[in-house]
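I have placed the structure first, in the form of structure tokens, so that the comments after it can refer back to it.
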Amino acid sequence: MTTQSTQPDLLYSEEEEALRAAVRDLLADHCDAPGVIARTESDVPHDAAAWKALTEDMGLAGLLVPEKLGGQGASHREVAVVLEELGRAVAPVPYLTSAVVATEALLACGDQELLGKLASGRTVGALAVGLHLAPGAAFTAVRVEDGRLHGELTGIADAVAADVLLVPGDDGGLYAVEAGAVTVTPQVSFDLTRPLATVTLDGAAGRRVGDAEPAVRRALRAGAGLLASEQFGVAEWALTETVRYLKERKQFNRPVGGFQAIKHRLAQLWLEVVNLRAAARGAADALASGEDAEVLVAVAQAYAAPVAVHAAEEALQLHAGIGMTWEHPIHLYLKRAKADSIAFGTAGVHREALGVLVDLQAP
């Protein structure tokens with residue numbers, strides 16, 4: 001007897017649309033474009049007020065955490081909706097790194113105490129693994145000696161905002177380390193709304209929360225899959241704002257968007273963005289159901305990065321001179337799209353992984 005796999009549900013439920021509306025309204029109040037640009041120029045890149053509103057007021061940090069552990073007991077589908085809106089606003093909050101990646105690592109370990117703290121949003125966590133690493137890649141582990149951790153880890157996203165770091169050790173363990181016990185040195189980051197840092201451990205004390213290998217693999221897979229929803233948010237904003245601008249901008253006494261060549265470019269971009277939405281929703285649904293998750297995450301990431309970058313580049317070009325100004329937010333979206341294109345593995349890495357998963361080798 002043959003079994004037929006369940007088709008992924010790519011549509012949004014009424015509850016998910018209500019969640020989207022609530023998050024969009026909140027971000028409109030907290031993460032307007034001038035405010036985000038000003039924050040990238042400051043010494044405090046993360047928006048604490050927006051984070052508090054998202055987590056303590058709305059409870060969104062605990063969407064993936066079971067209710068018995070203080071979370072909301074939701075799924076990756078709801079998290080994907082939140083990330084779409086965070087991408088649309090290029091919100092400078094550590095949601096992907098703390099509420100998704102660090103939380104998934106702890107779910108794999110089963111550490112209930114720390115999970116509850118992250119679910120409340122009052123504690124921000126970060127997995128001390130380079131942001132560029134794909135789900136199947138080898139990761140750096142620090143030296144564990146007499147219960148103390150020694151080593152240096154680079155490219156750690158949102159480490160500057162973290163209260164606790166989840167650090168892989170060379171003994172196979174994953175250790176929770178208080179941020180005050182390590183040295184966090186900001187690195188030059190292309191995307192200033194998601195800063196990177198080097199974490200130096202010089203005899204830092206750590207509490208073993210579980211095994212590093214399965215925890216890191218699970219965390220990176222969820223991060224890669226749900227990053228596609230953020231990339232969709234970036235691309236959708238770029239397309240929507242470009243269409244709006246081209247309807248208003250006139251040349252030769254007619255809207256620029258009325259020229260045939262511009263219409264063709266926008267139509268092609270619309271097709272790409274719609275396809276990206278389907279790929280991102282497929283990955284989120286697969287992560288929620290656990291069915292074909294590796295394949296659909298690889299599909300989403302193989303497609304997401306080129307589309308998000310293309311959308312941001314088209315927005316920059318079609319806004320012409322105003323798009324090149326610092327005051328216009330397009331540069332935030334282009335930087336986020338470019339930085340996301342190498343986060344959790346490049347599109348090429350995911351295409352190679354997909355070829356192996358479906359037994360379709362390159363010639």
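Ligands are numbered from 1 in the order shown, chains are lettered A, B, ... in the order of the structure tokens, and residues start at 1 in each chain.
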Requested in this report: For region 102-106 of chain A, work out the shell of residues within 10 Å, counting only C-alpha atoms and skipping chain neighbours fewer than 6 positions away, then give it as a ChimeraX atom specification.
Outcome: /A:61-65,95-96,112-116,118-119,124-128,164-166,174,176,209-223
Report task. Assign secondary structure with DSSP using the backbone only, and return the residues of region 117-243 of chain A in helix (DSSP H, G or I) as a PyMOL selection string. Result -> chain A and resi 117-120+159-161+179-181+212-243
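If you count only C-alpha atoms and ignore residues fewer than 6 places along the chain from Glu41 (chain A), what sits within 12 Å of it is Pro34, Gly35, Asp191, Leu192, Thr193, Trp326, Glu327 and Leu332 of chain A.
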Writing out the chosen residues with N, CA and C atoms as a CSV table (one decimal), in the first residue's frame:
```
chain,number,residue,atom,x,y,z
A,34,PRO,N,12.9,56.6,9.4
A,34,PRO,CA,13.8,57.6,10.0
A,34,PRO,C,14.4,57.1,11.3
A,35,GLY,N,13.6,56.5,12.1
A,35,GLY,CA,14.0,56.0,13.4
A,35,GLY,C,15.0,54.8,13.3
A,191,ASP,N,25.1,44.8,7.3
A,191,ASP,CA,23.7,45.1,7.8
A,191,ASP,C,23.8,45.6,9.2
A,192,LEU,N,23.6,46.9,9.4
A,192,LEU,CA,23.8,47.5,10.7
A,192,LEU,C,22.6,47.2,11.6
A,193,THR,N,21.5,46.7,11.0
A,193,THR,CA,20.3,46.3,11.9
A,193,THR,C,20.4,44.9,12.5
A,326,TRP,N,20.9,58.8,1.7
A,326,TRP,CA,20.9,58.2,3.0
A,326,TRP,C,19.5,58.3,3.7
A,327,GLU,N,18.8,59.3,3.4
A,327,GLU,CA,17.5,59.6,4.1
A,327,GLU,C,16.5,58.6,3.6
A,332,LEU,N,18.8,50.4,3.6
A,332,LEU,CA,18.6,49.4,4.7
A,332,LEU,C,18.1,48.1,4.1
```
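The two atoms in question, CA of Thr55 (chain A) and CA of Ala337 (chain A), are spaced 24.6 Å apart.
Separating CA of Ala284 (chain A) from CA of Tyr12 (chain A) is a distance of 11.4 Å.
Minimum atom-to-atom distance to Gly173 (chain A), evaluated using only C-alpha atoms, belongs to A:Gly147 out of A:Pro306, A:Pro92, A:Pro186, A:Gly147.
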Query raised in the report: Which residues come within 9 Å of region 266-280 of chain A, counting only C-alpha atoms, excluding same-chain residues fewer than 4 positions away, as a PyMOL selection string?
Result: chain A and resi 10-11+80+225-233+235-236+239+242-243+257+261-262+284-285+296-297+299-301+303-304+307-308+310-311+314
Requested in this report: Please identify which residues in region 247-321 of chain A DSSP calls strand (DSSP E) from the backbone, and express them as a ChimeraX atom specification.
Outcome: /A:250-251,254-255
The selected residues should be written to file as a JSON list (two decimals), in the first residue's frame (atoms: N, CA, C and O atoms).
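Okay, out.json is ready:
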```
[["chain", "number", "residue", "atom", "x", "y", "z"],
["A", 250, "LYS", "N", 6.47, 61.39, -12.27],
["A", 250, "LYS", "CA", 6.10, 61.66, -13.66],
["A", 250, "LYS", "C", 7.31, 62.10, -14.49],
["A", 250, "LYS", "O", 8.21, 62.76, -13.98],
["A", 251, "GLN", "N", 7.27, 61.70, -15.74],
["A", 251, "GLN", "CA", 8.28, 62.11, -16.72],
["A", 251, "GLN", "C", 7.57, 62.29, -18.06],
["A", 251, "GLN", "O", 6.72, 61.45, -18.42],
["A", 254, "ARG", "N", 3.73, 62.07, -17.78],
["A", 254, "ARG", "CA", 3.00, 60.82, -17.56],
["A", 254, "ARG", "C", 3.73, 60.02, -16.48],
["A", 254, "ARG", "O", 4.94, 60.17, -16.29],
["A", 255, "PRO", "N", 3.02, 59.17, -15.73],
["A", 255, "PRO", "CA", 3.67, 58.38, -14.68],
["A", 255, "PRO", "C", 4.77, 57.49, -15.25],
["A", 255, "PRO", "O", 4.59, 56.86, -16.30]]
```
